[in-house]
$ cat query.pdb   # PDB, C-alpha atoms, pLDDT in the B column
MODEL        1
ATOM      1  CA  MET A1220      -0.708 -63.032 -51.313  1.00 95.00           C
ATOM      2  CA  ARG A1221      -2.310 -60.696 -48.781  1.00 97.00           C
ATOM      3  CA  ILE A1222      -5.328 -62.027 -46.877  1.00 98.00           C
ATOM      4  CA  ILE A1223      -7.628 -60.219 -44.462  1.00 98.00           C
ATOM      5  CA  GLY A1224      -9.705 -62.222 -41.990  1.00 98.00           C
ATOM      6  CA  ILE A1225     -12.912 -60.644 -40.711  1.00 98.00           C
ATOM      7  CA  ASP A1226     -14.915 -61.370 -37.558  1.00 96.00           C
ATOM      8  CA  PRO A1227     -18.126 -59.454 -38.361  1.00 94.00           C
ATOM      9  CA  GLY A1228     -20.435 -57.656 -35.974  1.00 89.00           C
ATOM     10  CA  LEU A1229     -22.465 -54.475 -35.657  1.00 87.00           C
ATOM     11  CA  LEU A1230     -20.829 -53.351 -32.427  1.00 93.00           C
ATOM     12  CA  ARG A1231     -17.297 -54.612 -33.079  1.00 96.00           C
ATOM     13  CA  THR A1232     -15.865 -55.987 -36.305  1.00 97.00           C
ATOM     14  CA  GLY A1233     -12.372 -57.396 -35.981  1.00 98.00           C
ATOM     15  CA  TYR A1234      -9.900 -57.642 -38.821  1.00 98.00           C
ATOM     16  CA  GLY A1235      -6.540 -59.362 -39.139  1.00 98.00           C
ATOM     17  CA  CYS A1236      -4.174 -59.161 -42.082  1.00 98.00           C
ATOM     18  CA  VAL A1237      -1.436 -61.633 -43.048  1.00 98.00           C
ATOM     19  CA  ASP A1238       0.848 -62.143 -46.027  1.00 97.00           C
ATOM     20  CA  VAL A1239       1.677 -65.565 -47.383  1.00 94.00           C
ATOM     21  CA  ALA A1240       4.383 -66.397 -49.911  1.00 88.00           C
ATOM     22  CA  ASP A1241       5.560 -69.720 -51.279  1.00 77.00           C
ATOM     23  CA  ALA A1242       5.678 -72.419 -48.606  1.00 71.00           C
ATOM     24  CA  ALA A1243       6.542 -70.029 -45.773  1.00 82.00           C
ATOM     25  CA  GLU A1244       4.353 -69.534 -42.728  1.00 89.00           C
ATOM     26  CA  PRO A1245       1.995 -66.551 -42.964  1.00 94.00           C
ATOM     27  CA  THR A1246       3.456 -63.233 -41.816  1.00 95.00           C
ATOM     28  CA  PHE A1247       1.378 -61.001 -39.551  1.00 97.00           C
ATOM     29  CA  VAL A1248       0.800 -57.534 -41.033  1.00 98.00           C
ATOM     30  CA  GLU A1249      -1.715 -55.769 -38.777  1.00 98.00           C
ATOM     31  CA  ALA A1250      -4.989 -56.159 -36.957  1.00 98.00           C
ATOM     32  CA  GLY A1251      -7.633 -53.996 -35.399  1.00 98.00           C
ATOM     33  CA  VAL A1252     -11.275 -53.493 -34.648  1.00 98.00           C
ATOM     34  CA  PHE A1253     -14.011 -51.221 -35.961  1.00 98.00           C
ATOM     35  CA  ARG A1254     -16.196 -50.050 -33.091  1.00 97.00           C
ATOM     36  CA  LEU A1255     -19.748 -48.952 -33.819  1.00 95.00           C
ATOM     37  CA  ASN A1256     -22.090 -47.149 -31.442  1.00 95.00           C
ATOM     38  CA  SER A1257     -25.039 -49.297 -30.319  1.00 93.00           C
ATOM     39  CA  LYS A1258     -27.179 -46.154 -29.955  1.00 96.00           C
ATOM     40  CA  THR A1259     -26.740 -45.239 -33.616  1.00 95.00           C
ATOM     41  CA  PRO A1260     -29.512 -46.424 -35.972  1.00 95.00           C
ATOM     42  CA  MET A1261     -28.678 -49.692 -37.739  1.00 92.00           C
ATOM     43  CA  ALA A1262     -28.614 -48.112 -41.202  1.00 94.00           C
ATOM     44  CA  ASP A1263     -26.025 -45.569 -40.013  1.00 96.00           C
ATOM     45  CA  ARG A1264     -23.901 -48.303 -38.412  1.00 96.00           C
ATOM     46  CA  LEU A1265     -24.010 -50.295 -41.649  1.00 96.00           C
ATOM     47  CA  GLY A1266     -22.908 -47.213 -43.568  1.00 97.00           C
ATOM     48  CA  ALA A1267     -20.060 -46.575 -41.131  1.00 97.00           C
ATOM     49  CA  LEU A1268     -18.963 -50.223 -41.343  1.00 97.00           C
ATOM     50  CA  HIS A1269     -18.959 -50.024 -45.148  1.00 98.00           C
ATOM     51  CA  ASP A1270     -16.853 -46.854 -45.028  1.00 98.00           C
ATOM     52  CA  ASP A1271     -14.390 -48.442 -42.562  1.00 98.00           C
ATOM     53  CA  MET A1272     -14.104 -51.626 -44.655  1.00 98.00           C
ATOM     54  CA  SER A1273     -13.677 -49.665 -47.875  1.00 98.00           C
ATOM     55  CA  GLU A1274     -10.842 -47.610 -46.365  1.00 98.00           C
ATOM     56  CA  LEU A1275      -9.165 -50.748 -44.969  1.00 98.00           C
ATOM     57  CA  LEU A1276      -9.375 -52.608 -48.273  1.00 98.00           C
ATOM     58  CA  SER A1277      -8.045 -49.603 -50.212  1.00 98.00           C
ATOM     59  CA  ARG A1278      -5.144 -49.162 -47.786  1.00 98.00           C
ATOM     60  CA  LEU A1279      -4.067 -52.822 -47.392  1.00 98.00           C
ATOM     61  CA  GLU A1280      -4.966 -54.026 -50.926  1.00 98.00           C
ATOM     62  CA  PRO A1281      -5.659 -57.694 -50.103  1.00 98.00           C
ATOM     63  CA  LYS A1282      -6.121 -60.341 -52.779  1.00 97.00           C
ATOM     64  CA  ARG A1283      -8.648 -62.184 -50.615  1.00 98.00           C
ATOM     65  CA  ILE A1284     -10.848 -61.569 -47.628  1.00 98.00           C
ATOM     66  CA  VAL A1285     -12.170 -64.391 -45.508  1.00 98.00           C
ATOM     67  CA  VAL A1286     -15.233 -63.856 -43.349  1.00 97.00           C
ATOM     68  CA  GLU A1287     -16.491 -66.033 -40.532  1.00 93.00           C
ATOM     69  CA  LYS A1288     -19.451 -68.116 -41.706  1.00 90.00           C
ATOM     70  CA  LEU A1289     -22.842 -67.271 -40.331  1.00 82.00           C
ATOM     71  CA  TYR A1290     -23.746 -69.436 -37.375  1.00 75.00           C
ATOM     72  CA  ALA A1291     -27.202 -69.378 -35.847  1.00 68.00           C
ATOM     73  CA  HIS A1292     -28.033 -70.864 -32.485  1.00 67.00           C
ATOM     74  CA  TYR A1293     -31.723 -71.588 -31.984  1.00 67.00           C
ATOM     75  CA  LYS A1294     -31.656 -69.751 -28.639  1.00 73.00           C
ATOM     76  CA  HIS A1295     -30.241 -66.560 -30.200  1.00 70.00           C
ATOM     77  CA  PRO A1296     -31.720 -66.061 -33.697  1.00 76.00           C
ATOM     78  CA  THR A1297     -31.437 -62.271 -33.510  1.00 79.00           C
ATOM     79  CA  THR A1298     -27.652 -62.509 -33.225  1.00 77.00           C
ATOM     80  CA  ALA A1299     -27.479 -64.321 -36.568  1.00 80.00           C
ATOM     81  CA  ILE A1300     -29.713 -61.740 -38.223  1.00 83.00           C
ATOM     82  CA  VAL A1301     -27.604 -58.829 -36.962  1.00 81.00           C
ATOM     83  CA  MET A1302     -24.391 -60.605 -37.938  1.00 85.00           C
ATOM     84  CA  GLY A1303     -25.905 -61.212 -41.380  1.00 90.00           C
ATOM     85  CA  HIS A1304     -26.326 -57.465 -41.896  1.00 93.00           C
ATOM     86  CA  ALA A1305     -22.668 -56.855 -41.048  1.00 94.00           C
ATOM     87  CA  ARG A1306     -21.518 -59.724 -43.272  1.00 95.00           C
ATOM     88  CA  GLY A1307     -23.522 -58.344 -46.194  1.00 95.00           C
ATOM     89  CA  VAL A1308     -21.854 -54.950 -45.942  1.00 97.00           C
ATOM     90  CA  ILE A1309     -18.401 -56.527 -45.660  1.00 97.00           C
ATOM     91  CA  LEU A1310     -18.986 -58.796 -48.646  1.00 97.00           C
ATOM     92  CA  LEU A1311     -20.289 -55.843 -50.667  1.00 97.00           C
ATOM     93  CA  ALA A1312     -17.197 -53.745 -49.899  1.00 98.00           C
ATOM     94  CA  ALA A1313     -14.949 -56.601 -51.079  1.00 98.00           C
ATOM     95  CA  ILE A1314     -16.903 -57.362 -54.245  1.00 97.00           C
ATOM     96  CA  GLN A1315     -16.979 -53.668 -55.186  1.00 97.00           C
ATOM     97  CA  ARG A1316     -13.168 -53.809 -55.318  1.00 97.00           C
ATOM     98  CA  GLY A1317     -12.971 -57.141 -57.133  1.00 97.00           C
ATOM     99  CA  ILE A1318     -11.472 -58.892 -54.108  1.00 98.00           C
ATOM    100  CA  GLU A1319     -11.901 -62.656 -53.830  1.00 97.00           C
ATOM    101  CA  VAL A1320     -14.176 -63.634 -50.922  1.00 97.00           C
ATOM    102  CA  ASP A1321     -14.213 -66.852 -48.927  1.00 97.00           C
ATOM    103  CA  GLU A1322     -15.869 -68.066 -45.719  1.00 95.00           C
ATOM    104  CA  LEU A1323     -14.687 -70.290 -42.889  1.00 96.00           C
ATOM    105  CA  GLY A1324     -16.629 -71.762 -39.984  1.00 94.00           C
ATOM    106  CA  ALA A1325     -15.616 -70.928 -36.417  1.00 93.00           C
ATOM    107  CA  THR A1326     -14.968 -74.549 -35.391  1.00 95.00           C
ATOM    108  CA  GLU A1327     -12.833 -75.116 -38.506  1.00 96.00           C
ATOM    109  CA  VAL A1328     -10.724 -72.052 -37.669  1.00 97.00           C
ATOM    110  CA  LYS A1329     -10.386 -73.015 -33.991  1.00 97.00           C
ATOM    111  CA  LYS A1330      -9.251 -76.514 -34.921  1.00 97.00           C
ATOM    112  CA  ALA A1331      -6.684 -75.189 -37.393  1.00 95.00           C
ATOM    113  CA  ILE A1332      -5.279 -72.654 -34.922  1.00 96.00           C
ATOM    114  CA  THR A1333      -5.482 -74.514 -31.582  1.00 96.00           C
ATOM    115  CA  GLY A1334      -5.945 -78.159 -32.586  1.00 95.00           C
ATOM    116  CA  PHE A1335      -9.397 -78.210 -30.953  1.00 96.00           C
ATOM    117  CA  GLY A1336     -12.579 -77.158 -32.742  1.00 94.00           C
ATOM    118  CA  HIS A1337     -14.286 -76.049 -29.545  1.00 94.00           C
ATOM    119  CA  ALA A1338     -11.411 -74.018 -28.095  1.00 96.00           C
ATOM    120  CA  THR A1339     -12.237 -71.091 -25.848  1.00 96.00           C
ATOM    121  CA  LYS A1340     -11.771 -67.473 -26.894  1.00 95.00           C
ATOM    122  CA  ARG A1341      -8.771 -67.294 -24.534  1.00 97.00           C
ATOM    123  CA  GLN A1342      -7.162 -70.368 -26.117  1.00 97.00           C
ATOM    124  CA  VAL A1343      -7.541 -68.755 -29.557  1.00 97.00           C
ATOM    125  CA  GLN A1344      -6.013 -65.513 -28.242  1.00 97.00           C
ATOM    126  CA  LEU A1345      -2.994 -67.351 -26.827  1.00 97.00           C
ATOM    127  CA  ALA A1346      -2.519 -69.473 -29.963  1.00 97.00           C
ATOM    128  CA  VAL A1347      -2.639 -66.380 -32.196  1.00 98.00           C
ATOM    129  CA  GLN A1348      -0.190 -64.585 -29.904  1.00 97.00           C
ATOM    130  CA  ALA A1349       2.265 -67.486 -30.103  1.00 97.00           C
ATOM    131  CA  GLN A1350       1.915 -68.065 -33.849  1.00 96.00           C
ATOM    132  CA  CYS A1351       2.329 -64.371 -34.722  1.00 96.00           C
ATOM    133  CA  GLY A1352       5.064 -63.699 -32.163  1.00 95.00           C
ATOM    134  CA  LEU A1353       3.052 -60.935 -30.483  1.00 96.00           C
ATOM    135  CA  ALA A1354       4.070 -59.476 -27.120  1.00 97.00           C
ATOM    136  CA  GLU A1355       0.507 -59.782 -25.788  1.00 97.00           C
ATOM    137  CA  PRO A1356      -2.630 -61.695 -26.755  1.00 97.00           C
ATOM    138  CA  PRO A1357      -4.665 -59.696 -29.280  1.00 97.00           C
ATOM    139  CA  SER A1358      -7.611 -57.934 -27.706  1.00 96.00           C
ATOM    140  CA  PRO A1359     -10.560 -57.732 -27.885  1.00 97.00           C
ATOM    141  CA  VAL A1360     -11.415 -61.274 -28.940  1.00 96.00           C
ATOM    142  CA  ASP A1361     -12.867 -59.981 -32.222  1.00 96.00           C
ATOM    143  CA  VAL A1362      -9.300 -59.133 -33.244  1.00 98.00           C
ATOM    144  CA  SER A1363      -7.804 -62.498 -32.263  1.00 98.00           C
ATOM    145  CA  ASP A1364     -10.668 -64.296 -34.017  1.00 97.00           C
ATOM    146  CA  ALA A1365     -10.063 -62.267 -37.185  1.00 98.00           C
ATOM    147  CA  ILE A1366      -6.321 -62.995 -37.138  1.00 98.00           C
ATOM    148  CA  ALA A1367      -7.100 -66.698 -36.613  1.00 98.00           C
ATOM    149  CA  ILE A1368      -9.410 -66.622 -39.657  1.00 98.00           C
ATOM    150  CA  ALA A1369      -6.666 -65.007 -41.763  1.00 98.00           C
ATOM    151  CA  LEU A1370      -4.035 -67.507 -40.577  1.00 97.00           C
ATOM    152  CA  CYS A1371      -6.299 -70.469 -41.296  1.00 96.00           C
ATOM    153  CA  ALA A1372      -7.101 -69.169 -44.784  1.00 96.00           C
ATOM    154  CA  ALA A1373      -3.441 -68.418 -45.540  1.00 96.00           C
ATOM    155  CA  ARG A1374      -2.377 -71.940 -44.625  1.00 92.00           C
ATOM    156  CA  ARG A1375      -4.984 -73.338 -46.994  1.00 89.00           C
ATOM    157  CA  VAL A1376      -3.732 -71.387 -50.024  1.00 82.00           C
ATOM    158  CA  ARG A1377       0.025 -71.684 -49.651  1.00 62.00           C
ATOM    159  CA  PRO A1378       1.699 -74.428 -51.639  1.00 54.00           C
ATOM    160  CA  ALA A1379       2.897 -77.501 -49.790  1.00 54.00           C
ATOM    161  CA  PRO A1380       6.664 -77.654 -49.215  1.00 55.00           C
ATOM    162  CA  LEU A1381       8.662 -79.866 -51.581  1.00 50.00           C
ATOM    163  CA  MET A1382       9.985 -83.075 -50.062  1.00 51.00           C
TER     164      MET A1382
ENDMDL
END
$ encode --input "query.pdb" --output "structure tokens"
Amino acid sequence: MRIIGIDPGLLRTGYGCVDVADAAEPTFVEAGVFRLNSKTPMADRLGALHDDMSELLSRLEPKRIVVEKLYAHYKHPTTAIVMGHARGVILLAAIQRGIEVDELGATEVKKAITGFGHATKRQVQLAVQAQCGLAEPPSPVDVSDAIAIALCAARRVRPAPLM
């Protein structure tokens, strides 16, 4: 099964793709980031994000996408609103192609990948690098977060090994 993890945003949206089969560990496929211009009107950025997601989903043909859950901090409500716009476009692109959608919280992903639910961005980068056998930590952090989301989701769906 092919899974794409998404770390949504309206400036940078990271994606990470893994394959999972039987009881094997997930296999890293590819990762990247969509960069959107902050000076472009929001509606245009949303359109560009939809186009980028649609192309990615058509090219990689995942069975599932997993998006980071919306988190709102009372000191930064605007961030949650902006992230909500990006999430909506991403979810729409997936549903239009009949792709299964799931959500995972950031602390749940961090705990699954690093063993600590409040790990730093750097700790997530290093854990993803080690688990995927990458030469360097994925950068920017939107990419490592997206790969971590995909890895966490893949480990939840694979069957347990027989004893």
$ closest_atom_pairs --input "query.pdb" --of "range 1240-1265 of chain A" --to "range 1350-1364 of chain A" --cutoff "10 Å" --atoms "only C-alpha atoms" --output "JSON lines"
{"residue": "A:Glu1244", "atom": "CA", "partner": "A:Gln1350", "partner_atom": "CA", "distance": 9.3}
{"residue": "A:Pro1245", "atom": "CA", "partner": "A:Cys1351", "partner_atom": "CA", "distance": 8.5}
{"residue": "A:Thr1246", "atom": "CA", "partner": "A:Cys1351", "partner_atom": "CA", "distance": 7.3}
{"residue": "A:Phe1247", "atom": "CA", "partner": "A:Cys1351", "partner_atom": "CA", "distance": 6.0}
{"residue": "A:Val1248", "atom": "CA", "partner": "A:Cys1351", "partner_atom": "CA", "distance": 9.4}
{"residue": "A:Glu1249", "atom": "CA", "partner": "A:Val1362", "partner_atom": "CA", "distance": 10.0}
{"residue": "A:Ala1250", "atom": "CA", "partner": "A:Val1362", "partner_atom": "CA", "distance": 6.4}
{"residue": "A:Gly1251", "atom": "CA", "partner": "A:Val1362", "partner_atom": "CA", "distance": 5.8}
{"residue": "A:Val1252", "atom": "CA", "partner": "A:Val1362", "partner_atom": "CA", "distance": 6.1}
{"residue": "A:Phe1253", "atom": "CA", "partner": "A:Asp1361", "partner_atom": "CA", "distance": 9.6}
$ closest_residue --input "query.pdb" --among "A:Asp1321, A:Glu1327, A:Asp1238, A:Glu1287" --to "Ile1222 in chain A" --atoms "only C-alpha atoms"
A:Asp1238
$ atom_distance --input "query.pdb" --atom1 "CA of Met1261 in chain A" --atom2 "CA of Ala1299 in chain A"
14.7 Å
$ closest_residue --input "query.pdb" --among "A:Val1301, A:Ala1312, A:Ile1225, A:Ala1243" --to "Val1286 in chain A" --atoms "all atoms listed in the file"
A:Ile1225
$ atom_distance --input "query.pdb" --atom1 "CA of Cys1236 in chain A" --atom2 "CA of Ala1262 in chain A"
26.8 Å
$ atom_distance --input "query.pdb" --atom1 "CA of Leu1265 in chain A" --atom2 "CA of Ala1365 in chain A"
18.9 Å
$ closest_residue --input "query.pdb" --among "A:Gly1317, A:Pro1296, A:Gly1334, A:Gly1324" --to "Gly1224 in chain A" --atoms "all atoms listed in the file"
A:Gly1324
$ closest_residue --input "query.pdb" --among "A:Lys1330, A:Lys1340, A:Arg1254, A:Arg1375" --to "Tyr1234 in chain A" --atoms "only C-alpha atoms"
A:Arg1254
$ residues_around --input "query.pdb" --residues "Ala1325 in chain A" --least-positions-apart "5" --cutoff "10 Å" --atoms "all atoms listed in the file" --output "list in words"
Asp1226, Val1286, Glu1287, Lys1288, Leu1289, Tyr1290, Lys1330, Ala1331, Gly1336, His1337, Ala1338, Asp1364, Ala1367 and Ile1368 of chain A
$ closest_residue --input "query.pdb" --among "A:Ile1314, A:Leu1370, A:Met1302, A:Met1220" --to "Thr1232 in chain A" --atoms "all atoms listed in the file"
A:Met1302
$ residues_around --input "query.pdb" --residues "Leu1310 in chain A" --least-positions-apart "5" --cutoff "10 Å" --atoms "all atoms listed in the file" --output "tab-separated table (two decimals) with C-alpha atoms, keeping the file's coordinate frame"
chain	number	residue	atom	x	y	z
A	1269	HIS	CA	-18.96	-50.02	-45.15
A	1272	MET	CA	-14.10	-51.63	-44.66
A	1284	ILE	CA	-10.85	-61.57	-47.63
A	1285	VAL	CA	-12.17	-64.39	-45.51
A	1286	VAL	CA	-15.23	-63.86	-43.35
A	1305	ALA	CA	-22.67	-56.86	-41.05
A	1315	GLN	CA	-16.98	-53.67	-55.19
A	1318	ILE	CA	-11.47	-58.89	-54.11
A	1319	GLU	CA	-11.90	-62.66	-53.83
A	1320	VAL	CA	-14.18	-63.63	-50.92
A	1321	ASP	CA	-14.21	-66.85	-48.93
$ resolve_selection --input "query.pdb" --expression "the PyMOL selection byres ((chain A and resi 1255) around 8)" --output "ChimeraX atom specification"
/A:1229-1231,1253-1254,1256-1257,1259,1264,1267-1268
$ residues_around --input "query.pdb" --residues "Arg1316 in chain A" --least-positions-apart "3" --cutoff "9 Å" --atoms "all atoms listed in the file" --output "MDAnalysis selection string"
chainID A and resid 1273 1276:1277 1311:1313
$ resolve_selection --input "query.pdb" --expression "the PyMOL selection byres ((chain A and resi 1281) around 6)" --output "count of residues only"
6
$ build_atoms --input "query.pdb" --residues "range 1338-1354 of chain A" --atoms "N, CA, C and O atoms" --output "PDB file, in the coordinates of the input"
ATOM      1  N   ALA A1338     -12.304 -74.774 -28.967  1.00 96.00           N
ATOM      2  CA  ALA A1338     -11.411 -74.018 -28.095  1.00 96.00           C
ATOM      3  C   ALA A1338     -12.125 -72.774 -27.574  1.00 96.00           C
ATOM      4  O   ALA A1338     -13.035 -72.238 -28.214  1.00 96.00           O
ATOM      5  N   THR A1339     -11.678 -72.316 -26.426  1.00 96.00           N
ATOM      6  CA  THR A1339     -12.237 -71.091 -25.848  1.00 96.00           C
ATOM      7  C   THR A1339     -11.648 -69.872 -26.552  1.00 96.00           C
ATOM      8  O   THR A1339     -10.628 -69.961 -27.250  1.00 96.00           O
ATOM      9  N   LYS A1340     -12.287 -68.729 -26.335  1.00 95.00           N
ATOM     10  CA  LYS A1340     -11.771 -67.473 -26.894  1.00 95.00           C
ATOM     11  C   LYS A1340     -10.345 -67.226 -26.391  1.00 95.00           C
ATOM     12  O   LYS A1340      -9.484 -66.777 -27.144  1.00 95.00           O
ATOM     13  N   ARG A1341     -10.103 -67.497 -25.122  1.00 97.00           N
ATOM     14  CA  ARG A1341      -8.771 -67.294 -24.534  1.00 97.00           C
ATOM     15  C   ARG A1341      -7.734 -68.200 -25.195  1.00 97.00           C
ATOM     16  O   ARG A1341      -6.601 -67.769 -25.456  1.00 97.00           O
ATOM     17  N   GLN A1342      -8.096 -69.461 -25.457  1.00 97.00           N
ATOM     18  CA  GLN A1342      -7.162 -70.368 -26.117  1.00 97.00           C
ATOM     19  C   GLN A1342      -6.814 -69.868 -27.514  1.00 97.00           C
ATOM     20  O   GLN A1342      -5.661 -69.960 -27.947  1.00 97.00           O
ATOM     21  N   VAL A1343      -7.799 -69.316 -28.221  1.00 97.00           N
ATOM     22  CA  VAL A1343      -7.541 -68.755 -29.557  1.00 97.00           C
ATOM     23  C   VAL A1343      -6.613 -67.550 -29.428  1.00 97.00           C
ATOM     24  O   VAL A1343      -5.647 -67.412 -30.194  1.00 97.00           O
ATOM     25  N   GLN A1344      -6.874 -66.681 -28.450  1.00 97.00           N
ATOM     26  CA  GLN A1344      -6.013 -65.513 -28.242  1.00 97.00           C
ATOM     27  C   GLN A1344      -4.557 -65.930 -28.020  1.00 97.00           C
ATOM     28  O   GLN A1344      -3.643 -65.355 -28.609  1.00 97.00           O
ATOM     29  N   LEU A1345      -4.353 -66.913 -27.152  1.00 97.00           N
ATOM     30  CA  LEU A1345      -2.994 -67.351 -26.827  1.00 97.00           C
ATOM     31  C   LEU A1345      -2.318 -68.030 -28.018  1.00 97.00           C
ATOM     32  O   LEU A1345      -1.121 -67.832 -28.249  1.00 97.00           O
ATOM     33  N   ALA A1346      -3.083 -68.812 -28.781  1.00 97.00           N
ATOM     34  CA  ALA A1346      -2.519 -69.473 -29.963  1.00 97.00           C
ATOM     35  C   ALA A1346      -2.113 -68.441 -31.015  1.00 97.00           C
ATOM     36  O   ALA A1346      -1.039 -68.539 -31.612  1.00 97.00           O
ATOM     37  N   VAL A1347      -2.955 -67.439 -31.232  1.00 98.00           N
ATOM     38  CA  VAL A1347      -2.639 -66.380 -32.196  1.00 98.00           C
ATOM     39  C   VAL A1347      -1.407 -65.603 -31.725  1.00 98.00           C
ATOM     40  O   VAL A1347      -0.505 -65.302 -32.528  1.00 98.00           O
ATOM     41  N   GLN A1348      -1.351 -65.288 -30.442  1.00 97.00           N
ATOM     42  CA  GLN A1348      -0.190 -64.585 -29.904  1.00 97.00           C
ATOM     43  C   GLN A1348       1.094 -65.362 -30.195  1.00 97.00           C
ATOM     44  O   GLN A1348       2.076 -64.790 -30.686  1.00 97.00           O
ATOM     45  N   ALA A1349       1.078 -66.653 -29.905  1.00 97.00           N
ATOM     46  CA  ALA A1349       2.265 -67.486 -30.103  1.00 97.00           C
ATOM     47  C   ALA A1349       2.627 -67.605 -31.581  1.00 97.00           C
ATOM     48  O   ALA A1349       3.801 -67.462 -31.957  1.00 97.00           O
ATOM     49  N   GLN A1350       1.643 -67.839 -32.430  1.00 96.00           N
ATOM     50  CA  GLN A1350       1.915 -68.065 -33.849  1.00 96.00           C
ATOM     51  C   GLN A1350       2.348 -66.804 -34.583  1.00 96.00           C
ATOM     52  O   GLN A1350       3.059 -66.879 -35.579  1.00 96.00           O
ATOM     53  N   CYS A1351       1.945 -65.638 -34.081  1.00 96.00           N
ATOM     54  CA  CYS A1351       2.329 -64.371 -34.722  1.00 96.00           C
ATOM     55  C   CYS A1351       3.500 -63.692 -34.017  1.00 96.00           C
ATOM     56  O   CYS A1351       3.973 -62.654 -34.474  1.00 96.00           O
ATOM     57  N   GLY A1352       3.952 -64.276 -32.904  1.00 95.00           N
ATOM     58  CA  GLY A1352       5.064 -63.699 -32.163  1.00 95.00           C
ATOM     59  C   GLY A1352       4.734 -62.343 -31.551  1.00 95.00           C
ATOM     60  O   GLY A1352       5.582 -61.455 -31.499  1.00 95.00           O
ATOM     61  N   LEU A1353       3.494 -62.195 -31.068  1.00 96.00           N
ATOM     62  CA  LEU A1353       3.052 -60.935 -30.483  1.00 96.00           C
ATOM     63  C   LEU A1353       3.436 -60.863 -29.010  1.00 96.00           C
ATOM     64  O   LEU A1353       3.460 -61.888 -28.320  1.00 96.00           O
ATOM     65  N   ALA A1354       3.688 -59.672 -28.519  1.00 97.00           N
ATOM     66  CA  ALA A1354       4.070 -59.476 -27.120  1.00 97.00           C
ATOM     67  C   ALA A1354       2.925 -59.787 -26.164  1.00 97.00           C
ATOM     68  O   ALA A1354       3.158 -60.245 -25.047  1.00 97.00           O
TER      69      ALA A1354
END
